[in-house]
Structures are given as structure tokens and as C-alpha cells.
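One file, coords_10.pdb, carrying PDB, C-alpha atoms, pLDDT in the B column:
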ATOM      1  CA  MET R   1       0.000   0.000   0.000  1.00 51.00           C
ATOM      2  CA  LYS R   2       1.298   3.445  -0.938  1.00 55.00           C
ATOM      3  CA  HIS R   3       1.778   5.927   1.897  1.00 56.00           C
ATOM      4  CA  ILE R   4       0.060   9.236   1.170  1.00 56.00           C
ATOM      5  CA  LYS R   5       2.029  12.234   2.364  1.00 59.00           C
ATOM      6  CA  PRO R   6      -0.174  14.973   3.815  1.00 67.00           C
ATOM      7  CA  LYS R   7       0.007  18.312   2.009  1.00 85.00           C
ATOM      8  CA  VAL R   8       2.421  20.750   3.584  1.00 92.00           C
ATOM      9  CA  ILE R   9       1.146  24.282   4.204  1.00 94.00           C
ATOM     10  CA  PRO R  10       3.609  26.600   2.420  1.00 95.00           C
ATOM     11  CA  ASN R  11       4.916  29.464   4.527  1.00 97.00           C
ATOM     12  CA  CYS R  12       7.824  31.837   5.136  1.00 98.00           C
ATOM     13  CA  LEU R  13       7.828  31.615   8.928  1.00 98.00           C
ATOM     14  CA  LYS R  14      11.329  30.211   9.309  1.00 98.00           C
ATOM     15  CA  LYS R  15      12.767  32.785   6.918  1.00 98.00           C
ATOM     16  CA  TYR R  16      11.250  35.685   8.847  1.00 98.00           C
ATOM     17  CA  ARG R  17      12.321  34.184  12.197  1.00 98.00           C
ATOM     18  CA  LYS R  18      15.916  33.811  10.999  1.00 98.00           C
ATOM     19  CA  VAL R  19      15.982  37.377   9.648  1.00 98.00           C
ATOM     20  CA  ARG R  20      14.995  38.637  13.100  1.00 98.00           C
ATOM     21  CA  GLY R  21      17.638  36.413  14.725  1.00 98.00           C
ATOM     22  CA  PHE R  22      15.242  34.414  16.894  1.00 98.00           C
ATOM     23  CA  GLN R  23      15.319  30.751  17.816  1.00 98.00           C
ATOM     24  CA  GLN R  24      12.054  28.826  17.981  1.00 98.00           C
ATOM     25  CA  LYS R  25      12.144  28.832  21.782  1.00 98.00           C
ATOM     26  CA  ASP R  26      12.439  32.644  21.749  1.00 98.00           C
ATOM     27  CA  VAL R  27       9.372  32.972  19.525  1.00 98.00           C
ATOM     28  CA  ALA R  28       7.426  30.570  21.742  1.00 98.00           C
ATOM     29  CA  ARG R  29       8.323  32.622  24.814  1.00 98.00           C
ATOM     30  CA  VAL R  30       7.388  35.961  23.237  1.00 98.00           C
ATOM     31  CA  LEU R  31       4.083  34.627  21.884  1.00 98.00           C
ATOM     32  CA  GLY R  32       3.232  32.813  25.116  1.00 97.00           C
ATOM     33  CA  VAL R  33       3.116  29.436  23.360  1.00 96.00           C
ATOM     34  CA  LYS R  34       3.789  26.507  25.704  1.00 94.00           C
ATOM     35  CA  SER R  35       6.626  24.956  23.701  1.00 94.00           C
ATOM     36  CA  SER R  36       8.831  25.553  20.700  1.00 97.00           C
ATOM     37  CA  SER R  37       7.484  22.343  19.141  1.00 98.00           C
ATOM     38  CA  MET R  38       4.366  24.284  18.112  1.00 98.00           C
ATOM     39  CA  ILE R  39       6.541  26.885  16.360  1.00 98.00           C
ATOM     40  CA  SER R  40       8.304  24.011  14.596  1.00 98.00           C
ATOM     41  CA  ARG R  41       4.974  22.520  13.463  1.00 97.00           C
ATOM     42  CA  TRP R  42       3.926  25.889  12.017  1.00 98.00           C
ATOM     43  CA  GLU R  43       7.246  26.322  10.214  1.00 98.00           C
ATOM     44  CA  LYS R  44       7.144  22.786   8.790  1.00 97.00           C
ATOM     45  CA  GLY R  45       3.645  23.450   7.472  1.00 96.00           C
ATOM     46  CA  ILE R  46       2.056  20.697   9.541  1.00 96.00           C
ATOM     47  CA  CYS R  47      -0.535  23.062  10.987  1.00 96.00           C
ATOM     48  CA  LEU R  48      -1.453  26.749  11.033  1.00 96.00           C
ATOM     49  CA  PRO R  49      -1.218  29.179  13.923  1.00 97.00           C
ATOM     50  CA  ASN R  50      -4.555  30.469  15.151  1.00 97.00           C
ATOM     51  CA  THR R  51      -5.558  33.961  14.062  1.00 97.00           C
ATOM     52  CA  LYS R  52      -4.276  35.681  17.198  1.00 98.00           C
ATOM     53  CA  ASN R  53      -0.876  33.958  16.960  1.00 98.00           C
ATOM     54  CA  LEU R  54      -0.683  34.743  13.248  1.00 98.00           C
ATOM     55  CA  PHE R  55      -0.992  38.451  14.004  1.00 98.00           C
ATOM     56  CA  LYS R  56       1.469  38.172  16.897  1.00 98.00           C
ATOM     57  CA  LEU R  57       3.977  36.552  14.512  1.00 98.00           C
ATOM     58  CA  ALA R  58       3.463  39.355  12.003  1.00 98.00           C
ATOM     59  CA  VAL R  59       4.117  41.967  14.702  1.00 98.00           C
ATOM     60  CA  LEU R  60       7.167  40.114  16.029  1.00 98.00           C
ATOM     61  CA  TYR R  61       8.618  39.609  12.550  1.00 98.00           C
ATOM     62  CA  ARG R  62       7.721  43.182  11.543  1.00 98.00           C
ATOM     63  CA  THR R  63       5.733  42.234   8.461  1.00 98.00           C
ATOM     64  CA  MET R  64       2.146  41.823   7.300  1.00 97.00           C
ATOM     65  CA  ALA R  65       0.348  38.582   8.161  1.00 97.00           C
ATOM     66  CA  ASP R  66      -0.211  37.669   4.514  1.00 96.00           C
ATOM     67  CA  SER R  67       3.549  37.875   3.852  1.00 97.00           C
ATOM     68  CA  LEU R  68       4.088  34.946   6.200  1.00 98.00           C
ATOM     69  CA  PHE R  69       1.908  32.717   4.010  1.00 97.00           C
ATOM     70  CA  ILE R  70       2.290  34.331   0.583  1.00 97.00           C
ATOM     71  CA  ASP R  71       2.635  31.035  -1.322  1.00 94.00           C
ATOM     72  CA  LEU R  72      -0.467  29.628   0.376  1.00 94.00           C
ATOM     73  CA  ILE R  73      -2.379  32.785  -0.504  1.00 95.00           C
ATOM     74  CA  ARG R  74      -1.294  32.478  -4.139  1.00 95.00           C
ATOM     75  CA  GLU R  75      -2.508  28.869  -4.239  1.00 93.00           C
ATOM     76  CA  MET R  76      -5.807  29.851  -2.667  1.00 94.00           C
ATOM     77  CA  ARG R  77      -6.251  32.776  -5.050  1.00 95.00           C
ATOM     78  CA  SER R  78      -5.787  30.506  -8.076  1.00 95.00           C
ATOM     79  CA  GLU R  79      -8.227  27.930  -6.726  1.00 95.00           C
ATOM     80  CA  ILE R  80     -10.869  30.527  -5.834  1.00 96.00           C
ATOM     81  CA  GLN R  81     -10.574  32.228  -9.232  1.00 96.00           C
ATOM     82  CA  ARG R  82     -10.897  28.853 -10.970  1.00 95.00           C
ATOM     83  CA  ARG R  83     -14.026  28.024  -8.967  1.00 96.00           C
ATOM     84  CA  GLU R  84     -15.442  31.496  -9.483  1.00 96.00           C
ATOM     85  CA  ARG R  85     -15.100  31.159 -13.274  1.00 95.00           C
ATOM     86  CA  ARG R  86     -16.907  27.805 -13.133  1.00 93.00           C
ATOM     87  CA  VAL R  87     -19.755  29.273 -11.094  1.00 94.00           C
ATOM     88  CA  LEU R  88     -20.113  32.305 -13.363  1.00 92.00           C
ATOM     89  CA  LYS R  89     -20.003  30.096 -16.434  1.00 90.00           C
ATOM     90  CA  HIS R  90     -22.999  28.101 -15.180  1.00 85.00           C
ATOM     91  CA  ASN R  91     -25.129  31.189 -14.397  1.00 74.00           C
TER      92      ASN R  91
END
This structure in C-alpha cells:
Amino acid sequence: MKHIKPKVIPNCLKKYRKVRGFQQKDVARVLGVKSSSMISRWEKGICLPNTKNLFKLAVLYRTMADSLFIDLIREMRSEIQRRERRVLKHN
């Protein structure tokens, strides 16, 4: 049986963290997250931070929230536009 790899959520979290000179444990401490393993899971694209933590990350990394997930947003934009065209075509 073939093992199906779950889709990774594309993000720039690690890049922005490195630019600011933080380690994962530093980010966890500043955000009030219990452990750096959650920061790791976000960076690996295993899961997403909740909305409040997303905005905290944006403030900490001195960027806009959408910049942290720009590739994901591009994927979503393409999918939504594709679906929108299909819906409009059938009206």
C-alpha cells in the first residue's frame, strides 16, 4: 500500500524568524506558546497558527500577516478564481 504524504502548508515563517535572529524557543516565549514544538509545526507546514498567533507573529517579525503565508495565498487565489469562473459560467 502506498503511503500518502499529507500536504504541507507553504509558509515563510522560518525565513522571517531567521531574519529577526530568533530561535524557535524565543518565539514561543514571546508569543506565550507553551513549547517551541508548536513553532516548529507551524514552520514545517504541519498546521497553522490560530488567528491571534498569526498576528502576533506578524508583529514580532515586523511584516504583514499575509507575507508569512504568501505562497499559500497564491494557491488559494488561483483555486478561488478557478471556482469562481466555473460558477459564473454556469449562471
List as a Markdown table every residue of range 29-50 of chain R that is in contact with range 6-20 of chain R, defined as an atom at most 10 Å from one of its atoms (using only C-alpha atoms), together with the nearest atom pair and the distance in Å rounded to one decimal, sorted by chain and then rising number.
| residue | atom | partner | partner_atom | distance |
| --- | --- | --- | --- | --- |
| R:Ile39 | CA | R:Leu13 | CA | 8.9 |
| R:Ser40 | CA | R:Lys14 | CA | 8.7 |
| R:Trp42 | CA | R:Leu13 | CA | 7.6 |
| R:Glu43 | CA | R:Leu13 | CA | 5.5 |
| R:Lys44 | CA | R:Val8 | CA | 7.3 |
| R:Gly45 | CA | R:Ile9 | CA | 4.2 |
| R:Ile46 | CA | R:Val8 | CA | 6.0 |
| R:Cys47 | CA | R:Ile9 | CA | 7.1 |
| R:Leu48 | CA | R:Ile9 | CA | 7.7 |
Resulting file, chosen residues, C-alpha atoms, as an mmCIF file, keeping the file's coordinate frame:
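Generated file (selection-v8.cif):
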data_model
loop_
_atom_site.group_PDB
_atom_site.id
_atom_site.type_symbol
_atom_site.label_atom_id
_atom_site.label_comp_id
_atom_site.auth_asym_id
_atom_site.auth_seq_id
_atom_site.Cartn_x
_atom_site.Cartn_y
_atom_site.Cartn_z
ATOM 1 C CA ILE R 39 6.541 26.885 16.360
ATOM 2 C CA SER R 40 8.304 24.011 14.596
ATOM 3 C CA TRP R 42 3.926 25.889 12.017
ATOM 4 C CA GLU R 43 7.246 26.322 10.214
ATOM 5 C CA LYS R 44 7.144 22.786 8.790
ATOM 6 C CA GLY R 45 3.645 23.450 7.472
ATOM 7 C CA ILE R 46 2.056 20.697 9.541
ATOM 8 C CA CYS R 47 -0.535 23.062 10.987
ATOM 9 C CA LEU R 48 -1.453 26.749 11.033
#
| message | Quick one: residues within 12 Å of range 51-56 of chain R, all atoms listed in the file, excluding same-chain residues fewer than 6 positions away - as a list in words? | response |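 With the cut-off at 12 Å, the set is Asn11, Leu13, Val27, Ala28, Arg29, Val30, Leu31, Gly32, Val33, Met38, Ile39, Trp42, Glu43, Arg62, Thr63, Met64, Ala65, Asp66, Ser67, Leu68 and Phe69 of chain R.
Of note, CA of Leu57 in chain R and CA of Arg77 in chain R are spaced 22.4 Å apart.
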| Atom-to-atom span, CA of Arg41 in chain R and CA of Lys25 in chain R, Å |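 Interatomic distance, CA of Arg41 in chain R to CA of Lys25 in chain R: 12.7 Å.
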| query | Taking (12.8, 25.8, 20.8) in the file's coordinates, which residues come within 7 Å, counting all atoms listed in the file, written as a list in words? | reply |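 Returned residue set, sorted by chain then number, is Gln23, Gln24, Lys25, Asp26, Ser35, Ser36 and Ser37 of chain R.
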Around range 65-68 of chain R, with edges along x, y and z and 3 Å added on all six sides, what centre and edge lengths do you get, in Å to one decimal, as AutoDock Vina command-line options?
--center_x 1.9 --center_y 36.8 --center_z 6.0 --size_x 10.3 --size_y 9.6 --size_z 10.3
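What separates CA of Asn50 in chain R from CA of Ile70 in chain R is a distance of 16.6 Å.
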